[in-house]
Structures are given as structure tokens and as C-alpha cells.
Amino acid sequence: DETTEGADEMAESKRIYLMRHAKPELPFGGRVYYGRTDFPLSAEGRAAAAALGGHLRGRIKFDALYTSGMTRAVETASLAVPGIAGTAVPELREVDLGDWDGRSYDEVRDQFREIYERRGVEFARTAPPGGESFEEMQRRTVPAFEKIAAAHESGNILIVAHGGAIWSIVAHLFGLDLNDMFFFPLDYCGIDVVEPSCGRWRLVRYNWTPETERL
């Protein structure tokens, strides 16, 4: 494909892999708001992270590893890329959901009806009580990403973080509306791959998993 070949020629020798953590052990059948609540991985999540690591082994050599420092991200990294020392970057943590964090969807809807409905209309700029909005989160995640990118002239850099945090970075890189997050789903253990190209960023893969296609 001429378009793909041309893009490959323009790309630089650096790729950043943004991986969402594996499935955590969640209460309420998974119908729960969680951001800062530090749930560990479920048995299913640990198995998926290990399986991903088995697929990546021998295919990609990562030159650096960063995580948000949260348990579910650190555990995912340790299973997917064992033996690589990671650096914790707290600015990559998931959005802080304040008083909603750890509560079920039903409880939040019933107890915080007004702001719940407002957030449904103005998702990116509305913060739960005591928490932060996605716009506020983006103001910490993007500088953290840019600092990591600037620290490496080349190589494969892996960042293991969270769905919302990764979306806030990808939306910034490609001029997407933060409110459109749910139109761009990122699965557990899903990987977005980006690389610098001619002063911009190129999206190489979105929501890649071993079940989709090879990296």
C-alpha cells in the first residue's frame, strides 16, 4: 500500500505503546465508578495480562516502562513484561471521581441526580463532587506523556495506565473531542501505538490486542 509505505518512511525510530491495565476485581458486578480506588486485578485479568505477555515476548523488546503506579497498572505490567523495571508516574493515574469513587452506578444516579445528569450532557468538563473533570485530568496526563516522549530519542516505550487517562492523551494528540470517549472504546489490555512523524503524531494501532492483529 503506497500510503502506508510513505507513512512508514516518514516515521521516526520511536514508538510509544499505551496499554490499558487488565480487568480488576470489581464490586457490584462491575457496575461501579472507580478511578482512584486501587482495586487489584481479578483472576481473569491476571490471566489476560500473562497471555498478552506471552504474545509480546520475542516480538517486541521494550526499552522503557512507565506505569501510573496504581496497583492494577503495576500488576498488569509485571505480568505482561516481567523483568523490566518500571517508573511510576502519578500524573498518569485514572480520573479522580471524588465522592463517586467506589460507589455503584445506581447509588450515584440516585444520590447525585443533578450533577449526574449534568455530567451526561457535559461529560468532559463536569467533575463529580470532590473529584476532577476529564479536562482537569488531561492537564496532568498530557504533560506527563510529553515528558516521557522527550526523554527517549528512540526505542519502544511502554506506558501502562488507564482507559480515561490514555483517552485524554490520545484525544490531545489527534485533536479529538474529550466528550467522545465512549465512541473510542479501549479494552482491558488494549494497546494504542503512536509514533512521532514530521513533527506530528501518527496513530499506528488503536485498541490492539492479540485477538485483533499482529503489532
# chains A, B, ... in the order shown; residues from 1 in each chain; ligands from 1
$ residues_around --residues "Tyr33 of chain A" --least-positions-apart "3" --cutoff "8 Å" --atoms "only C-alpha atoms" --output "VMD selection string"
chain A and resid 97 100 to 105
$ write_last_selection --atoms "N, CA, C and O atoms" --output "PDB file, in the first residue's frame"
ATOM      1  N   LEU A  97     -12.646  10.410  40.745  1.00  0.00           N
ATOM      2  CA  LEU A  97     -14.105  10.528  40.732  1.00  0.00           C
ATOM      3  C   LEU A  97     -14.680  10.995  42.066  1.00  0.00           C
ATOM      4  O   LEU A  97     -15.889  10.976  42.273  1.00  0.00           O
ATOM      5  N   TRP A 100     -17.903   9.866  44.133  1.00  0.00           N
ATOM      6  CA  TRP A 100     -18.497   8.754  43.393  1.00  0.00           C
ATOM      7  C   TRP A 100     -17.614   7.512  43.415  1.00  0.00           C
ATOM      8  O   TRP A 100     -18.095   6.414  43.154  1.00  0.00           O
ATOM      9  N   ASP A 101     -16.352   7.696  43.709  1.00  0.00           N
ATOM     10  CA  ASP A 101     -15.392   6.604  43.582  1.00  0.00           C
ATOM     11  C   ASP A 101     -15.734   5.442  44.513  1.00  0.00           C
ATOM     12  O   ASP A 101     -15.924   5.627  45.713  1.00  0.00           O
ATOM     13  N   GLY A 102     -15.826   4.240  43.929  1.00  0.00           N
ATOM     14  CA  GLY A 102     -16.127   3.045  44.695  1.00  0.00           C
ATOM     15  C   GLY A 102     -17.611   2.809  44.918  1.00  0.00           C
ATOM     16  O   GLY A 102     -17.991   1.808  45.525  1.00  0.00           O
ATOM     17  N   ARG A 103     -18.459   3.702  44.401  1.00  0.00           N
ATOM     18  CA  ARG A 103     -19.906   3.545  44.561  1.00  0.00           C
ATOM     19  C   ARG A 103     -20.518   2.967  43.280  1.00  0.00           C
ATOM     20  O   ARG A 103     -20.001   3.165  42.185  1.00  0.00           O
ATOM     21  N   SER A 104     -21.629   2.290  43.430  1.00  0.00           N
ATOM     22  CA  SER A 104     -22.284   1.672  42.285  1.00  0.00           C
ATOM     23  C   SER A 104     -22.928   2.736  41.401  1.00  0.00           C
ATOM     24  O   SER A 104     -23.226   3.849  41.848  1.00  0.00           O
ATOM     25  N   TYR A 105     -23.168   2.377  40.141  1.00  0.00           N
ATOM     26  CA  TYR A 105     -23.848   3.283  39.229  1.00  0.00           C
ATOM     27  C   TYR A 105     -25.208   3.698  39.780  1.00  0.00           C
ATOM     28  O   TYR A 105     -25.591   4.875  39.716  1.00  0.00           O
TER      29      TYR A 105
END
$ select_by_dssp --residues "segment 76-165 of chain A" --states "helix (DSSP H, G or I)" --output "MDAnalysis selection string"
chainID A and resid 76:80 90:92 98:100 105:111 113:121 134:150 163:165
$ closest_atom_pairs --of "segment 2-57 of chain A" --to "segment 63-73 of chain A" --cutoff "8 Å" --atoms "only C-alpha atoms" --output "Markdown table"
| residue | atom | partner | partner_atom | distance |
| --- | --- | --- | --- | --- |
| A:Arg20 | CA | A:Ala73 | CA | 7.7 |
| A:His21 | CA | A:Ala73 | CA | 5.0 |
| A:Ala22 | CA | A:Arg72 | CA | 7.0 |
| A:Pro24 | CA | A:Arg72 | CA | 6.5 |
| A:Asp38 | CA | A:Thr71 | CA | 6.0 |
| A:Phe39 | CA | A:Arg72 | CA | 6.4 |
| A:Pro40 | CA | A:Arg72 | CA | 5.1 |
| A:Leu41 | CA | A:Arg72 | CA | 5.5 |
$ write_last_selection --atoms "N, CA and C atoms" --output "mmCIF file, in the first residue's frame"
data_model
loop_
_atom_site.group_PDB
_atom_site.id
_atom_site.type_symbol
_atom_site.label_atom_id
_atom_site.label_comp_id
_atom_site.auth_asym_id
_atom_site.auth_seq_id
_atom_site.Cartn_x
_atom_site.Cartn_y
_atom_site.Cartn_z
ATOM 1 N N ARG A 20 -3.818 -0.194 28.341
ATOM 2 C CA ARG A 20 -4.750 -0.142 29.462
ATOM 3 C C ARG A 20 -4.506 -1.369 30.358
ATOM 4 N N HIS A 21 -4.671 -1.185 31.646
ATOM 5 C CA HIS A 21 -4.497 -2.288 32.590
ATOM 6 C C HIS A 21 -5.482 -3.420 32.311
ATOM 7 N N ALA A 22 -5.205 -4.596 32.864
ATOM 8 C CA ALA A 22 -6.101 -5.745 32.745
ATOM 9 C C ALA A 22 -7.311 -5.574 33.662
ATOM 10 N N PRO A 24 -9.760 -5.516 36.576
ATOM 11 C CA PRO A 24 -9.619 -5.580 38.035
ATOM 12 C C PRO A 24 -10.773 -6.356 38.687
ATOM 13 N N ASP A 38 -8.075 1.762 44.430
ATOM 14 C CA ASP A 38 -6.968 0.954 43.927
ATOM 15 C C ASP A 38 -7.302 -0.537 43.938
ATOM 16 N N PHE A 39 -8.244 -0.932 43.098
ATOM 17 C CA PHE A 39 -8.625 -2.341 43.018
ATOM 18 C C PHE A 39 -7.501 -3.161 42.387
ATOM 19 N N PRO A 40 -7.230 -4.361 42.923
ATOM 20 C CA PRO A 40 -6.242 -5.251 42.294
ATOM 21 C C PRO A 40 -6.855 -5.951 41.089
ATOM 22 N N LEU A 41 -6.025 -6.650 40.339
ATOM 23 C CA LEU A 41 -6.531 -7.401 39.202
ATOM 24 C C LEU A 41 -7.347 -8.602 39.661
#
$ residues_around --residues "segment 143-145 of chain A" --least-positions-apart "4" --cutoff "8 Å" --atoms "only C-alpha atoms" --output "list in words"
Val89, Glu91, Leu92, Arg139, Ala149 and Ile169 of chain A
$ write_last_selection --atoms "N, CA, C and O atoms" --output "compact mmCIF listing (two decimals), in the first residue's frame"
# COMPACT_ATOMS: atom_id res chain seq x y z
N VAL A 89 4.61 7.06 37.41
CA VAL A 89 4.33 8.46 37.10
C VAL A 89 2.90 8.75 37.59
O VAL A 89 1.92 8.44 36.90
N GLU A 91 1.04 11.21 37.67
CA GLU A 91 0.19 12.05 36.82
C GLU A 91 -0.59 11.24 35.79
O GLU A 91 -1.52 11.74 35.17
N LEU A 92 -0.22 9.96 35.61
CA LEU A 92 -0.91 9.08 34.67
C LEU A 92 -2.03 8.29 35.33
O LEU A 92 -2.62 7.41 34.70
N ARG A 139 -4.99 17.93 31.85
CA ARG A 139 -3.96 18.93 32.12
C ARG A 139 -2.79 18.35 32.90
O ARG A 139 -1.73 18.99 33.00
N ALA A 149 7.95 11.17 26.39
CA ALA A 149 8.33 11.13 24.98
C ALA A 149 9.65 11.87 24.75
O ALA A 149 10.50 11.41 23.98
N ILE A 169 -4.91 11.47 26.58
CA ILE A 169 -3.68 11.70 25.82
C ILE A 169 -3.94 11.57 24.32
O ILE A 169 -3.54 12.43 23.52
$ select_by_dssp --residues "segment 52-205 of chain A" --states "strand (DSSP E)" --output "ChimeraX atom specification"
/A:64-67,87-88,155-161,191-197,200-205
$ write_last_selection --atoms "N, CA, C and O atoms" --output "compact mmCIF listing (two decimals), in the first residue's frame"
# COMPACT_ATOMS: atom_id res chain seq x y z
N ALA A 64 11.84 0.87 27.68
CA ALA A 64 11.49 1.60 28.90
C ALA A 64 10.05 1.29 29.26
O ALA A 64 9.22 1.04 28.38
N LEU A 65 9.78 1.32 30.55
CA LEU A 65 8.44 1.03 31.06
C LEU A 65 8.03 2.08 32.07
O LEU A 65 8.79 2.40 33.00
N TYR A 66 6.82 2.60 31.89
CA TYR A 66 6.23 3.54 32.84
C TYR A 66 4.84 3.04 33.21
O TYR A 66 4.13 2.46 32.39
N THR A 67 4.46 3.27 34.46
CA THR A 67 3.11 2.95 34.90
C THR A 67 2.56 4.13 35.68
O THR A 67 3.29 5.06 36.04
N THR A 87 8.96 2.74 35.96
CA THR A 87 8.96 4.02 36.67
C THR A 87 7.51 4.46 36.88
O THR A 87 6.74 4.52 35.92
N ALA A 88 7.15 4.76 38.11
CA ALA A 88 5.80 5.21 38.41
C ALA A 88 5.66 6.70 38.13
O ALA A 88 6.49 7.50 38.57
N GLY A 155 13.45 4.00 20.32
CA GLY A 155 13.11 2.80 21.08
C GLY A 155 11.62 2.60 21.24
O GLY A 155 10.79 3.40 20.79
N ASN A 156 11.29 1.50 21.89
CA ASN A 156 9.91 1.14 22.19
C ASN A 156 9.63 1.44 23.65
O ASN A 156 10.23 0.84 24.54
N ILE A 157 8.72 2.35 23.89
CA ILE A 157 8.40 2.79 25.26
C ILE A 157 7.00 2.32 25.59
O ILE A 157 6.05 2.59 24.85
N LEU A 158 6.86 1.61 26.70
CA LEU A 158 5.56 1.10 27.14
C LEU A 158 5.06 1.91 28.33
O LEU A 158 5.77 2.10 29.31
N ILE A 159 3.81 2.37 28.22
CA ILE A 159 3.13 3.06 29.31
C ILE A 159 1.90 2.24 29.67
O ILE A 159 1.03 2.03 28.82
N VAL A 160 1.81 1.77 30.91
CA VAL A 160 0.65 1.02 31.37
C VAL A 160 -0.15 1.92 32.29
O VAL A 160 0.33 2.31 33.37
N ALA A 161 -1.35 2.26 31.86
CA ALA A 161 -2.15 3.21 32.62
C ALA A 161 -3.62 2.82 32.56
O ALA A 161 -3.96 1.64 32.72
N ILE A 191 -4.06 -1.90 23.53
CA ILE A 191 -2.87 -1.08 23.34
C ILE A 191 -3.08 -0.10 22.18
O ILE A 191 -3.47 -0.50 21.08
N ASP A 192 -2.82 1.18 22.45
CA ASP A 192 -2.73 2.19 21.40
C ASP A 192 -1.25 2.42 21.12
O ASP A 192 -0.45 2.58 22.05
N VAL A 193 -0.89 2.44 19.85
CA VAL A 193 0.51 2.63 19.47
C VAL A 193 0.63 3.93 18.69
O VAL A 193 -0.08 4.13 17.70
N VAL A 194 1.51 4.81 19.14
CA VAL A 194 1.72 6.09 18.47
C VAL A 194 3.21 6.28 18.23
O VAL A 194 4.05 5.74 18.94
N GLU A 195 3.52 7.08 17.22
CA GLU A 195 4.91 7.38 16.93
C GLU A 195 5.01 8.78 16.34
O GLU A 195 4.10 9.24 15.63
N PRO A 196 6.11 9.48 16.62
CA PRO A 196 6.30 10.82 16.04
C PRO A 196 6.60 10.71 14.56
O PRO A 196 7.30 9.79 14.11
N SER A 197 6.07 11.67 13.79
CA SER A 197 6.29 11.67 12.35
C SER A 197 6.16 13.10 11.83
O SER A 197 5.08 13.68 11.88
N ARG A 200 4.55 15.68 14.01
CA ARG A 200 3.21 15.34 14.49
C ARG A 200 3.25 13.93 15.06
O ARG A 200 4.31 13.32 15.18
N TRP A 201 2.08 13.42 15.44
CA TRP A 201 1.99 12.05 15.92
C TRP A 201 1.17 11.22 14.96
O TRP A 201 0.14 11.68 14.44
N ARG A 202 1.62 10.02 14.73
CA ARG A 202 0.93 9.08 13.86
C ARG A 202 0.32 7.97 14.72
O ARG A 202 1.00 7.40 15.59
N LEU A 203 -0.94 7.64 14.48
CA LEU A 203 -1.60 6.55 15.18
C LEU A 203 -1.36 5.26 14.40
O LEU A 203 -1.88 5.07 13.30
N VAL A 204 -0.56 4.37 14.99
CA VAL A 204 -0.18 3.13 14.32
C VAL A 204 -1.22 2.04 14.57
O VAL A 204 -1.60 1.30 13.66
N ARG A 205 -1.67 1.91 15.79
CA ARG A 205 -2.70 0.93 16.16
C ARG A 205 -3.60 1.56 17.22
O ARG A 205 -3.15 2.35 18.04
$ closest_residue --among "A:Ile16, A:Ile166, A:Cys198, A:Ala51" --to "Phe184 of chain A" --atoms "only C-alpha atoms"
A:Ile166
$ closest_residue --among "A:Ala171, A:Glu107, A:Phe62, A:Ala49" --to "Phe183 of chain A" --atoms "only C-alpha atoms"
A:Ala171
$ closest_residue --among "A:Lys23, A:Glu114, A:Glu132, A:Arg59" --to "Glu75 of chain A" --atoms "only C-alpha atoms"
A:Lys23
$ closest_residue --among "A:Phe182, A:Tyr34, A:Phe112, A:Phe174" --to "Ala124 of chain A" --atoms "only C-alpha atoms"
A:Phe182
$ residues_around --residues "Phe123 of chain A" --least-positions-apart "6" --cutoff "8 Å" --atoms "only C-alpha atoms" --output "list in words"
Ser133, Phe134 and Asn179 of chain A
$ closest_residue --among "A:Glu211, A:Gly130, A:Leu186, A:Glu153" --to "Ser13 of chain A" --atoms "only C-alpha atoms"
A:Glu153
$ residues_around --residues "Glu94 of chain A" --least-positions-apart "6" --cutoff "6 Å" --atoms "only C-alpha atoms" --output "ChimeraX atom specification"
/A:35,162,165
$ write_last_selection --atoms "C-alpha atoms" --output "compact mmCIF listing (two decimals), in the first residue's frame"
# COMPACT_ATOMS: atom_id res chain seq x y z
CA GLY A 35 -10.71 5.90 39.40
CA HIS A 162 -5.94 3.57 32.49
CA ALA A 165 -6.02 8.66 31.18
$ closest_residue --among "A:Ala50, A:Cys189, A:Val121, A:Leu178" --to "Val81 of chain A" --atoms "only C-alpha atoms"
A:Ala50
$ atom_distance --atom1 "atom CA of Ile148 of chain A" --atom2 "atom CA of Ile60 of chain A"
19.1 Å
